[in-house]
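Asks: Dropping the structure in here first, questions after.
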Amino acid sequence: MSTNSDPGLPASQDPSPADVKLEARNIVKRFGNNIILDGVSLSAAPGSVTAIIGASGSGKSTFLRCVNLLIRPDAGELFLDGQRVDIGQRERDLLRYRCEIGMVFQSYNLFPHMTALENVIEAPMIVHRVPRAEATERAVVLLEKVRLGPRAAAYPHQLSGGEQQRVAIARALAMHPRVMLFDEVTSALDPELKGEVLATMRDLAADGMTMIVVSHEMSFVRQVASQVLFMSSGRIIEHGDPDAILDRPRSPELQAFVARIMD
Amino acid sequence: MDMIVSLWPRFLDATLLTLAIFVVVSFMSTTIGLLAALATIAAGRWLAVSLAIYGWIFRGVPELVILLFCYLALPQLGLDLGPVGAAVLGFTLISTAYEVEIFKSGLAGVHRGQFEAARALGIPLPSALRRIVLPQVIRIVATPWITYATGSIKRISIASAVAVTEIMQVTKQAIAVSHQPFTLILFASALYATMASILMVAEIVAARRFKQRFGLSTELP
């Protein structure tokens with residue numbers, strides 16, 4: 001287990017060191033005969049922002065879903081705050097782990113029959129049995145934080161895409177996650193709406209949230225990311241700080257990818 | 001008009017019986033249909049296949065045939081439910097086949113991301129179904145459900161063939177003694193139309209409610 005085929009990743013010891021918030025080791029996922037993830041590893045320090053980039057179909061979203069076990073990996077290990085996560089446990093037991101990992105989706109996935117506020121208080125009330133008044137109090141604070149205080153009573157269809165996505169961020173934060181995952185959260189947004197969502201994510205990073213971000217927003221990645229992983233064909237091909245990855249790509253795959261996204 | 005007035009108590013009883021059959025049948029078939037549709041999410045292929053065969057039989061065979069089977073054939077097998085019992089059983093069997101399809105398409109209409117978002121938040125499946133999926137299913141199925149229910153209430157007239165004293169049976173009996181088919185059939189039509197209208201108005205009210213809540217575009221990208 002000590003050998004690590006991914007360049008740039010430090011050889012990991014067991015258990016995961018204390019200065020690592022979340023660690024994934026050699027995650028493998030197959031669908032039928034297709035190998036979607038071929039031994040993907042990641043190590044995220046507390047308060048760090050890890051950006052995962054790569055062409056569509058490279059396995060980025062699948063990997064993110066393996067991190068919070070929405071998809072169960074076929075092999076590999078996960079550690080959260082140095083604690084090994086049992087990836088074989090029953091769905092019911094996985095729910096507790098998922099509460100620790102917030103996730104925001106490309107298509108927002110707000111509950112359409114609930115107001116912004118109701119979306120945010122739903123999971124704390126159902127999962128943590130927080131009384132409605134207390135959940136509402138905290139939700140109001142979170143909605144203020146994503147600059148949607150006045151829109152708390154609006155239904156999703158009355159909100160712009162950018163506003164919906166910020167509600168989704170507040171909804172995930174309401175569970176007090178230790179790590180936040182962002183799956184191409186601005187890809188479905190018009191250019192003028194991306195900015196407000198990215199600003200919210202910047203705030204969150206500045207607050208010290210540990211974040212793993214699948215993104216095509218290269219200027220955001222360059223400014224905010226502490227480390228960048230480049231994925232291709234289910235593997236991490238290169239790994240390093242943003243400037244090294246984006247300005248000095250070594251592998252032909254990354255060179256081709258950078259050339260495509262920079263024009 | 002005097003005739004209608006004198007027959008009114010019988011028509012009232014018949015109308016109440018029709019409504020009672022409708023309510024019982026709708027309640028049972030909706031409950032079973034919804035549960036069966038929900039079960040197809042979790043259960044394997046055998047349930048899907050059984051439901052397909054069930055639907056094929058009870059949507060394929062004429063209602064009258066199924067009612068006659070329940071009323072005349074089942075007693076031969078030792079299950080004598082009487083006219084009303086046989087009608088309730090027959091209509092429940094038929095309606096369940098349709099309700100399963102209605103709720104299956106309703107569930108299919110809920111965006112996959114809704115399930116994913118619920119799982120990501122750590123919400124257990126039963127809670128997710130009840131609080132997140134079901135309200136959306138209800139919106140999607142409201143129109144087909146009421147459309148089917150409107151048909152259901154009219155279809156209860158077939159029960160006159162198995163000696164249930166619902167509206168049509170009373171009408172036929174009244175025609176036999178009074179020889180006023182025109183007035184009587186018109187009156188029976190009015191009773192059916194009134195009941196169906198109530199359902200149709202309910203649909204309009206529900207549609208307006210849903211539009212307020214969900215807006216025009218409820219489907220997320």
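So you can find residues: chains in the structure tokens are A, B, ... in the order shown, residues in each start at 1, and ligands are numbered from 1 in order.
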Compile the residues of chain A that lie within 10 Å of chain B, evaluated using only C-alpha atoms, and express the compilation as a PyMOL selection string.
Replies: chain A and resi 65+68-70+91-115+119+122-128+154-158+161+168+171-175+177+188
Asks: Print the selection's residues with N, CA and C atoms to a file, as a short mmCIF file (atom, residue, chain, number, x, y, z; two decimals), in the first residue's frame.
Replies:
data_model
loop_
_atom_site.label_atom_id
_atom_site.label_comp_id
_atom_site.auth_asym_id
_atom_site.auth_seq_id
_atom_site.Cartn_x
_atom_site.Cartn_y
_atom_site.Cartn_z
N ARG A 65 -17.93 11.32 -6.67
CA ARG A 65 -19.01 10.53 -6.08
C ARG A 65 -18.48 9.33 -5.30
N ASN A 68 -17.65 10.72 -1.59
CA ASN A 68 -18.71 10.72 -0.58
C ASN A 68 -19.55 9.44 -0.65
N LEU A 69 -19.07 8.49 -1.41
CA LEU A 69 -19.68 7.16 -1.49
C LEU A 69 -21.11 7.18 -2.03
N LEU A 70 -21.42 8.19 -2.84
CA LEU A 70 -22.65 8.09 -3.63
C LEU A 70 -22.50 6.94 -4.60
N GLU A 91 -25.82 0.85 3.01
CA GLU A 91 -26.25 2.20 2.61
C GLU A 91 -26.70 3.00 3.82
N ARG A 92 -27.44 2.36 4.73
CA ARG A 92 -27.97 3.07 5.89
C ARG A 92 -26.84 3.66 6.74
N ASP A 93 -25.73 2.90 6.85
CA ASP A 93 -24.61 3.38 7.66
C ASP A 93 -23.76 4.41 6.91
N LEU A 94 -23.80 4.32 5.57
CA LEU A 94 -23.05 5.28 4.77
C LEU A 94 -23.62 6.69 4.94
N LEU A 95 -24.93 6.77 5.26
CA LEU A 95 -25.58 8.08 5.37
C LEU A 95 -24.86 8.96 6.39
N ARG A 96 -24.39 8.34 7.47
CA ARG A 96 -23.72 9.13 8.51
C ARG A 96 -22.44 9.77 7.98
N TYR A 97 -21.69 8.97 7.18
CA TYR A 97 -20.46 9.50 6.59
C TYR A 97 -20.79 10.63 5.60
N ARG A 98 -21.85 10.44 4.80
CA ARG A 98 -22.19 11.44 3.79
C ARG A 98 -22.55 12.78 4.41
N CYS A 99 -23.12 12.75 5.63
CA CYS A 99 -23.45 14.01 6.31
C CYS A 99 -22.19 14.84 6.54
N GLU A 100 -21.05 14.18 6.65
CA GLU A 100 -19.80 14.88 6.94
C GLU A 100 -19.23 15.53 5.68
N ILE A 101 -19.71 15.09 4.52
CA ILE A 101 -19.18 15.55 3.24
C ILE A 101 -20.30 16.26 2.50
N GLY A 102 -20.21 17.57 2.36
CA GLY A 102 -21.24 18.30 1.62
C GLY A 102 -21.00 18.17 0.13
N MET A 103 -22.08 18.15 -0.65
CA MET A 103 -21.87 18.07 -2.10
C MET A 103 -22.80 19.03 -2.82
N VAL A 104 -22.24 19.69 -3.83
CA VAL A 104 -23.03 20.60 -4.67
C VAL A 104 -22.92 20.09 -6.11
N PHE A 105 -24.07 20.06 -6.80
CA PHE A 105 -24.14 19.42 -8.11
C PHE A 105 -24.22 20.43 -9.25
N GLN A 106 -23.86 19.95 -10.42
CA GLN A 106 -23.96 20.79 -11.61
C GLN A 106 -25.40 21.26 -11.83
N SER A 107 -26.37 20.38 -11.60
CA SER A 107 -27.76 20.73 -11.90
C SER A 107 -28.53 21.18 -10.65
N TYR A 108 -27.82 21.71 -9.67
CA TYR A 108 -28.37 22.26 -8.43
C TYR A 108 -29.12 21.23 -7.59
N ASN A 109 -30.12 20.56 -8.24
CA ASN A 109 -30.91 19.54 -7.53
C ASN A 109 -31.59 20.06 -6.28
N LEU A 110 -32.04 21.31 -6.32
CA LEU A 110 -32.86 21.80 -5.20
C LEU A 110 -34.19 21.05 -5.23
N PHE A 111 -34.83 20.96 -4.05
CA PHE A 111 -36.14 20.33 -4.00
C PHE A 111 -37.17 21.35 -4.47
N PRO A 112 -37.84 21.11 -5.61
CA PRO A 112 -38.63 22.17 -6.26
C PRO A 112 -39.89 22.57 -5.50
N HIS A 113 -40.36 21.71 -4.60
CA HIS A 113 -41.59 22.00 -3.88
C HIS A 113 -41.32 22.70 -2.56
N MET A 114 -40.06 23.03 -2.31
CA MET A 114 -39.71 23.69 -1.05
C MET A 114 -39.08 25.05 -1.36
N THR A 115 -39.33 26.02 -0.45
CA THR A 115 -38.69 27.32 -0.60
C THR A 115 -37.19 27.18 -0.35
N ASN A 119 -35.52 24.22 1.77
CA ASN A 119 -34.45 23.38 1.23
C ASN A 119 -33.29 23.27 2.21
N GLU A 122 -34.27 21.25 5.60
CA GLU A 122 -34.81 19.89 5.47
C GLU A 122 -33.89 18.81 6.07
N ALA A 123 -32.65 18.77 5.59
CA ALA A 123 -31.76 17.69 6.04
C ALA A 123 -31.42 17.79 7.54
N PRO A 124 -31.10 18.98 8.06
CA PRO A 124 -30.85 19.04 9.51
C PRO A 124 -32.05 18.56 10.33
N MET A 125 -33.27 18.90 9.88
CA MET A 125 -34.46 18.47 10.63
C MET A 125 -34.66 16.97 10.55
N ILE A 126 -34.50 16.41 9.33
CA ILE A 126 -34.75 14.98 9.14
C ILE A 126 -33.61 14.13 9.72
N VAL A 127 -32.37 14.52 9.41
CA VAL A 127 -31.24 13.65 9.74
C VAL A 127 -30.75 13.88 11.17
N HIS A 128 -30.59 15.15 11.54
CA HIS A 128 -30.07 15.45 12.88
C HIS A 128 -31.17 15.79 13.88
N ALA A 154 -38.48 32.33 -1.46
CA ALA A 154 -38.72 32.05 -2.88
C ALA A 154 -38.62 30.55 -3.16
N TYR A 155 -39.43 30.09 -4.12
CA TYR A 155 -39.31 28.71 -4.59
C TYR A 155 -38.20 28.66 -5.65
N PRO A 156 -37.59 27.48 -5.83
CA PRO A 156 -36.49 27.39 -6.79
C PRO A 156 -36.82 27.97 -8.17
N HIS A 157 -38.05 27.74 -8.65
CA HIS A 157 -38.35 28.22 -10.00
C HIS A 157 -38.39 29.74 -10.08
N GLN A 158 -38.44 30.39 -8.91
CA GLN A 158 -38.45 31.86 -8.91
C GLN A 158 -37.03 32.43 -8.80
N GLY A 161 -30.45 30.69 -11.96
CA GLY A 161 -29.56 29.54 -11.79
C GLY A 161 -28.48 29.79 -10.74
N ALA A 168 -28.13 25.84 -2.97
CA ALA A 168 -27.61 24.47 -2.86
C ALA A 168 -26.36 24.43 -1.98
N ARG A 171 -27.53 24.78 1.52
CA ARG A 171 -28.16 23.53 1.94
C ARG A 171 -27.10 22.51 2.39
N ALA A 172 -26.01 22.45 1.62
CA ALA A 172 -24.95 21.50 1.99
C ALA A 172 -24.25 21.95 3.28
N LEU A 173 -24.05 23.27 3.43
CA LEU A 173 -23.36 23.78 4.62
C LEU A 173 -24.18 23.56 5.89
N ALA A 174 -25.50 23.49 5.74
CA ALA A 174 -26.38 23.35 6.90
C ALA A 174 -26.10 22.07 7.68
N MET A 175 -25.46 21.10 7.03
CA MET A 175 -25.17 19.83 7.71
C MET A 175 -23.81 19.88 8.43
N PRO A 177 -20.69 20.20 7.23
CA PRO A 177 -19.77 19.21 6.66
C PRO A 177 -18.32 19.56 7.00
N ALA A 188 -23.59 24.79 -15.74
CA ALA A 188 -24.92 24.99 -16.31
C ALA A 188 -25.33 26.46 -16.27
#
Asks: If you run DSSP over the backbone, which residues in segment 57-141 of chain B end up alpha helix (DSSP H)? Put them as a JSON list (two decimals) with N, CA, C and O atoms, in the first residue's frame.
Replies:
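After the write, result-v1.json holds the following:
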[["chain", "number", "residue", "atom", "x", "y", "z"],
["B", 57, "ILE", "N", -53.18, -8.35, -17.97],
["B", 57, "ILE", "CA", -54.47, -9.02, -17.78],
["B", 57, "ILE", "C", -55.57, -8.00, -17.49],
["B", 57, "ILE", "O", -56.59, -7.94, -18.18],
["B", 58, "PHE", "N", -55.33, -7.15, -16.46],
["B", 58, "PHE", "CA", -56.44, -6.34, -15.97],
["B", 58, "PHE", "C", -56.67, -5.07, -16.78],
["B", 58, "PHE", "O", -57.69, -4.41, -16.62],
["B", 59, "ARG", "N", -55.73, -4.74, -17.64],
["B", 59, "ARG", "CA", -56.02, -3.65, -18.57],
["B", 59, "ARG", "C", -56.52, -4.20, -19.89],
["B", 59, "ARG", "O", -57.11, -3.47, -20.70],
["B", 60, "GLY", "N", -56.25, -5.48, -20.12],
["B", 60, "GLY", "CA", -56.60, -6.08, -21.41],
["B", 60, "GLY", "C", -58.01, -6.67, -21.43],
["B", 60, "GLY", "O", -58.69, -6.63, -22.46],
["B", 63, "GLU", "N", -63.90, -4.73, -18.53],
["B", 63, "GLU", "CA", -64.35, -4.57, -17.14],
["B", 63, "GLU", "C", -65.52, -5.50, -16.83],
["B", 63, "GLU", "O", -65.57, -6.13, -15.76],
["B", 64, "LEU", "N", -66.47, -5.57, -17.78],
["B", 64, "LEU", "CA", -67.68, -6.39, -17.57],
["B", 64, "LEU", "C", -67.29, -7.84, -17.32],
["B", 64, "LEU", "O", -67.86, -8.50, -16.44],
["B", 65, "VAL", "N", -66.33, -8.33, -18.08],
["B", 65, "VAL", "CA", -65.91, -9.73, -17.93],
["B", 65, "VAL", "C", -65.32, -9.96, -16.54],
["B", 65, "VAL", "O", -65.62, -10.96, -15.87],
["B", 66, "ILE", "N", -64.51, -9.01, -16.09],
["B", 66, "ILE", "CA", -63.89, -9.16, -14.77],
["B", 66, "ILE", "C", -64.95, -9.11, -13.66],
["B", 66, "ILE", "O", -64.94, -9.89, -12.71],
["B", 67, "LEU", "N", -65.92, -8.19, -13.81],
["B", 67, "LEU", "CA", -66.99, -8.11, -12.81],
["B", 67, "LEU", "C", -67.81, -9.39, -12.78],
["B", 67, "LEU", "O", -68.14, -9.92, -11.71],
["B", 68, "LEU", "N", -68.14, -9.91, -13.96],
["B", 68, "LEU", "CA", -68.92, -11.16, -14.00],
["B", 68, "LEU", "C", -68.13, -12.30, -13.39],
["B", 68, "LEU", "O", -68.66, -13.16, -12.70],
["B", 74, "LEU", "N", -66.32, -16.55, -8.98],
["B", 74, "LEU", "CA", -65.67, -16.72, -7.68],
["B", 74, "LEU", "C", -66.51, -17.52, -6.68],
["B", 74, "LEU", "O", -65.96, -18.34, -5.93],
["B", 75, "PRO", "N", -67.86, -17.32, -6.64],
["B", 75, "PRO", "CA", -68.66, -18.14, -5.71],
["B", 75, "PRO", "C", -68.48, -19.64, -5.96],
["B", 75, "PRO", "O", -68.51, -20.44, -5.03],
["B", 76, "GLN", "N", -68.24, -20.00, -7.24],
["B", 76, "GLN", "CA", -67.99, -21.41, -7.55],
["B", 76, "GLN", "C", -66.73, -21.91, -6.86],
["B", 76, "GLN", "O", -66.58, -23.09, -6.57],
["B", 82, "GLY", "N", -71.08, -11.28, -2.73],
["B", 82, "GLY", "CA", -72.29, -10.51, -2.99],
["B", 82, "GLY", "C", -72.05, -9.51, -4.09],
["B", 82, "GLY", "O", -70.90, -9.29, -4.50],
["B", 83, "PRO", "N", -73.12, -8.85, -4.57],
["B", 83, "PRO", "CA", -72.98, -7.94, -5.71],
["B", 83, "PRO", "C", -71.99, -6.79, -5.44],
["B", 83, "PRO", "O", -71.08, -6.56, -6.23],
["B", 84, "VAL", "N", -72.18, -6.09, -4.30],
["B", 84, "VAL", "CA", -71.33, -4.93, -4.04],
["B", 84, "VAL", "C", -69.88, -5.37, -3.81],
["B", 84, "VAL", "O", -68.93, -4.79, -4.35],
["B", 85, "GLY", "N", -69.70, -6.44, -3.04],
["B", 85, "GLY", "CA", -68.35, -6.94, -2.77],
["B", 85, "GLY", "C", -67.64, -7.35, -4.05],
["B", 85, "GLY", "O", -66.46, -7.03, -4.24],
["B", 86, "ALA", "N", -68.39, -8.03, -4.93],
["B", 86, "ALA", "CA", -67.78, -8.47, -6.19],
["B", 86, "ALA", "C", -67.39, -7.26, -7.04],
["B", 86, "ALA", "O", -66.31, -7.23, -7.65],
["B", 87, "ALA", "N", -68.26, -6.24, -7.05],
["B", 87, "ALA", "CA", -67.96, -5.04, -7.83],
["B", 87, "ALA", "C", -66.73, -4.33, -7.28],
["B", 87, "ALA", "O", -65.84, -3.91, -8.02],
["B", 88, "VAL", "N", -66.68, -4.20, -5.95],
["B", 88, "VAL", "CA", -65.53, -3.53, -5.33],
["B", 88, "VAL", "C", -64.24, -4.28, -5.66],
["B", 88, "VAL", "O", -63.23, -3.69, -6.05],
["B", 89, "LEU", "N", -64.28, -5.61, -5.51],
["B", 89, "LEU", "CA", -63.08, -6.40, -5.81],
["B", 89, "LEU", "C", -62.67, -6.24, -7.27],
["B", 89, "LEU", "O", -61.51, -5.95, -7.59],
["B", 90, "GLY", "N", -63.66, -6.40, -8.16],
["B", 90, "GLY", "CA", -63.36, -6.31, -9.59],
["B", 90, "GLY", "C", -62.78, -4.96, -9.98],
["B", 90, "GLY", "O", -61.73, -4.88, -10.62],
["B", 91, "PHE", "N", -63.44, -3.89, -9.54],
["B", 91, "PHE", "CA", -62.94, -2.55, -9.89],
["B", 91, "PHE", "C", -61.59, -2.27, -9.25],
["B", 91, "PHE", "O", -60.75, -1.58, -9.84],
["B", 92, "THR", "N", -61.37, -2.77, -8.03],
["B", 92, "THR", "CA", -60.07, -2.56, -7.40],
["B", 92, "THR", "C", -58.97, -3.25, -8.19],
["B", 92, "THR", "O", -57.90, -2.68, -8.43],
["B", 93, "LEU", "N", -59.24, -4.49, -8.62],
["B", 93, "LEU", "CA", -58.24, -5.21, -9.42],
["B", 93, "LEU", "C", -57.92, -4.44, -10.70],
["B", 93, "LEU", "O", -56.76, -4.29, -11.07],
["B", 94, "ILE", "N", -58.98, -3.93, -11.35],
["B", 94, "ILE", "CA", -58.77, -3.21, -12.61],
["B", 94, "ILE", "C", -58.02, -1.90, -12.35],
["B", 94, "ILE", "O", -57.01, -1.60, -12.98],
["B", 95, "SER", "N", -58.52, -1.10, -11.39],
["B", 95, "SER", "CA", -57.94, 0.22, -11.15],
["B", 95, "SER", "C", -56.49, 0.13, -10.71],
["B", 95, "SER", "O", -55.67, 0.96, -11.08],
["B", 96, "THR", "N", -56.18, -0.89, -9.89],
["B", 96, "THR", "CA", -54.80, -1.03, -9.43],
["B", 96, "THR", "C", -53.85, -1.14, -10.62],
["B", 96, "THR", "O", -52.76, -0.55, -10.62],
["B", 97, "ALA", "N", -54.26, -1.89, -11.64],
["B", 97, "ALA", "CA", -53.41, -2.04, -12.82],
["B", 97, "ALA", "C", -53.08, -0.68, -13.44],
["B", 97, "ALA", "O", -51.95, -0.43, -13.88],
["B", 98, "TYR", "N", -54.09, 0.20, -13.47],
["B", 98, "TYR", "CA", -53.85, 1.53, -14.05],
["B", 98, "TYR", "C", -53.05, 2.42, -13.11],
["B", 98, "TYR", "O", -52.18, 3.16, -13.53],
["B", 99, "GLU", "N", -53.39, 2.34, -11.81],
["B", 99, "GLU", "CA", -52.69, 3.22, -10.84],
["B", 99, "GLU", "C", -51.19, 2.90, -10.79],
["B", 99, "GLU", "O", -50.37, 3.80, -10.64],
["B", 100, "VAL", "N", -50.84, 1.61, -10.90],
["B", 100, "VAL", "CA", -49.41, 1.25, -10.92],
["B", 100, "VAL", "C", -48.72, 1.99, -12.06],
["B", 100, "VAL", "O", -47.65, 2.59, -11.86],
["B", 101, "GLU", "N", -49.35, 1.97, -13.23],
["B", 101, "GLU", "CA", -48.73, 2.64, -14.38],
["B", 101, "GLU", "C", -48.63, 4.15, -14.15],
["B", 101, "GLU", "O", -47.63, 4.78, -14.48],
["B", 102, "ILE", "N", -49.70, 4.73, -13.59],
["B", 102, "ILE", "CA", -49.70, 6.17, -13.34],
["B", 102, "ILE", "C", -48.56, 6.54, -12.40],
["B", 102, "ILE", "O", -47.79, 7.46, -12.65],
["B", 103, "PHE", "N", -48.41, 5.79, -11.31],
["B", 103, "PHE", "CA", -47.38, 6.14, -10.33],
["B", 103, "PHE", "C", -45.97, 5.78, -10.83],
["B", 103, "PHE", "O", -45.00, 6.45, -10.47],
["B", 104, "LYS", "N", -45.87, 4.73, -11.65],
["B", 104, "LYS", "CA", -44.56, 4.41, -12.21],
["B", 104, "LYS", "C", -44.07, 5.56, -13.09],
["B", 104, "LYS", "O", -42.91, 5.97, -13.02],
["B", 105, "SER", "N", -44.97, 6.09, -13.92],
["B", 105, "SER", "CA", -44.54, 7.20, -14.78],
["B", 105, "SER", "C", -44.29, 8.45, -13.95],
["B", 105, "SER", "O", -43.41, 9.24, -14.26],
["B", 106, "GLY", "N", -45.05, 8.61, -12.85],
["B", 106, "GLY", "CA", -44.81, 9.74, -11.95],
["B", 106, "GLY", "C", -43.42, 9.67, -11.33],
["B", 106, "GLY", "O", -42.70, 10.66, -11.29],
["B", 107, "LEU", "N", -43.04, 8.48, -10.88],
["B", 107, "LEU", "CA", -41.71, 8.31, -10.29],
["B", 107, "LEU", "C", -40.62, 8.54, -11.32],
["B", 107, "LEU", "O", -39.59, 9.15, -11.04],
["B", 108, "ALA", "N", -40.87, 8.04, -12.54],
["B", 108, "ALA", "CA", -39.87, 8.21, -13.60],
["B", 108, "ALA", "C", -39.71, 9.69, -13.93],
["B", 108, "ALA", "O", -38.65, 10.12, -14.40],
["B", 112, "ARG", "N", -33.53, 12.38, -11.52],
["B", 112, "ARG", "CA", -32.60, 11.49, -10.79],
["B", 112, "ARG", "C", -31.78, 12.25, -9.75],
["B", 112, "ARG", "O", -31.44, 11.73, -8.69],
["B", 113, "GLY", "N", -31.46, 13.50, -10.07],
["B", 113, "GLY", "CA", -30.65, 14.31, -9.16],
["B", 113, "GLY", "C", -31.32, 14.53, -7.81],
["B", 113, "GLY", "O", -30.64, 14.80, -6.82],
["B", 114, "GLN", "N", -32.65, 14.42, -7.75],
["B", 114, "GLN", "CA", -33.36, 14.58, -6.49],
["B", 114, "GLN", "C", -32.99, 13.46, -5.51],
["B", 114, "GLN", "O", -32.77, 13.70, -4.33],
["B", 115, "PHE", "N", -32.94, 12.24, -6.04],
["B", 115, "PHE", "CA", -32.53, 11.10, -5.21],
["B", 115, "PHE", "C", -31.09, 11.28, -4.77],
["B", 115, "PHE", "O", -30.73, 11.03, -3.62],
["B", 116, "GLU", "N", -30.25, 11.72, -5.73],
["B", 116, "GLU", "CA", -28.82, 11.88, -5.45],
["B", 116, "GLU", "C", -28.61, 12.96, -4.38],
["B", 116, "GLU", "O", -27.81, 12.78, -3.45],
["B", 117, "ALA", "N", -29.34, 14.08, -4.51],
["B", 117, "ALA", "CA", -29.18, 15.16, -3.54],
["B", 117, "ALA", "C", -29.59, 14.68, -2.15],
["B", 117, "ALA", "O", -28.93, 14.98, -1.15],
["B", 118, "ALA", "N", -30.68, 13.91, -2.08],
["B", 118, "ALA", "CA", -31.14, 13.41, -0.78],
["B", 118, "ALA", "C", -30.10, 12.48, -0.17],
["B", 118, "ALA", "O", -29.79, 12.57, 1.03],
["B", 119, "ARG", "N", -29.53, 11.59, -1.00],
["B", 119, "ARG", "CA", -28.50, 10.67, -0.48],
["B", 119, "ARG", "C", -27.28, 11.45, -0.02],
["B", 119, "ARG", "O", -26.70, 11.15, 1.03],
["B", 120, "ALA", "N", -26.89, 12.46, -0.81],
["B", 120, "ALA", "CA", -25.70, 13.23, -0.46],
["B", 120, "ALA", "C", -25.88, 13.96, 0.86],
["B", 120, "ALA", "O", -24.92, 14.20, 1.58],
["B", 125, "LEU", "N", -33.64, 6.73, 2.75],
["B", 125, "LEU", "CA", -34.56, 6.57, 1.62],
["B", 125, "LEU", "C", -36.03, 6.73, 1.98],
["B", 125, "LEU", "O", -36.75, 7.45, 1.29],
["B", 126, "PRO", "N", -36.51, 6.11, 3.09],
["B", 126, "PRO", "CA", -37.94, 6.29, 3.40],
["B", 126, "PRO", "C", -38.33, 7.77, 3.58],
["B", 126, "PRO", "O", -39.36, 8.22, 3.07],
["B", 127, "SER", "N", -37.48, 8.53, 4.28],
["B", 127, "SER", "CA", -37.75, 9.95, 4.46],
["B", 127, "SER", "C", -37.67, 10.69, 3.13],
["B", 127, "SER", "O", -38.47, 11.58, 2.85],
["B", 134, "LEU", "N", -42.28, 12.00, -3.05],
["B", 134, "LEU", "CA", -43.74, 11.90, -3.15],
["B", 134, "LEU", "C", -44.44, 13.22, -3.53],
["B", 134, "LEU", "O", -45.31, 13.23, -4.40],
["B", 135, "PRO", "N", -44.08, 14.34, -2.90],
["B", 135, "PRO", "CA", -44.74, 15.59, -3.29],
["B", 135, "PRO", "C", -44.57, 15.91, -4.78],
["B", 135, "PRO", "O", -45.47, 16.46, -5.41],
["B", 136, "GLN", "N", -43.41, 15.52, -5.33],
["B", 136, "GLN", "CA", -43.20, 15.78, -6.76],
["B", 136, "GLN", "C", -43.99, 14.80, -7.62],
["B", 136, "GLN", "O", -44.50, 15.15, -8.68],
["B", 137, "VAL", "N", -44.09, 13.54, -7.13],
["B", 137, "VAL", "CA", -44.89, 12.55, -7.85],
["B", 137, "VAL", "C", -46.35, 13.00, -7.89],
["B", 137, "VAL", "O", -47.01, 12.93, -8.93],
["B", 138, "ILE", "N", -46.84, 13.50, -6.76],
["B", 138, "ILE", "CA", -48.24, 13.93, -6.70],
["B", 138, "ILE", "C", -48.52, 15.01, -7.73],
["B", 138, "ILE", "O", -49.53, 14.99, -8.43],
["B", 139, "ARG", "N", -47.59, 15.94, -7.86],
["B", 139, "ARG", "CA", -47.79, 16.99, -8.86],
["B", 139, "ARG", "C", -47.85, 16.39, -10.27],
["B", 139, "ARG", "O", -48.72, 16.73, -11.07],
["B", 140, "ILE", "N", -46.94, 15.45, -10.54],
["B", 140, "ILE", "CA", -46.87, 14.89, -11.89],
["B", 140, "ILE", "C", -48.11, 14.06, -12.20],
["B", 140, "ILE", "O", -48.64, 14.11, -13.31],
["B", 141, "VAL", "N", -48.60, 13.29, -11.19],
["B", 141, "VAL", "CA", -49.70, 12.37, -11.48],
["B", 141, "VAL", "C", -51.07, 13.00, -11.30],
["B", 141, "VAL", "O", -52.07, 12.35, -11.62]]
Asks: My list of candidates is B:Leu34, B:Leu79, B:Ile153, B:Ala161. Which is closest to Phe22 of chain B when distances are computed with only C-alpha atoms?
Replies: B:Ile153
Asks: Nearest to Tyr148 of chain B: which of B:Ala196, B:Ala37, B:Phe11, B:Pro62 is it, counting only C-alpha atoms?
Replies: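 Of all the options, B:Ala196 lies closest to Tyr148 of chain B.
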Asks: To one decimal place, how far is atom CA of Ser58 of chain A from atom CA of Arg235 of chain A in Å?
Replies: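 Atom CA of Arg235 of chain A lies at a distance of 7.8 Å from atom CA of Ser58 of chain A.
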Asks: My list of candidates is B:Ile146, B:Ala206, B:Leu38, B:Ala188. Which is closest to Ile175 of chain B when distances are computed with only C-alpha atoms?
Replies: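 Answer, going by the shortest atom-to-atom distance: B:Ala188.
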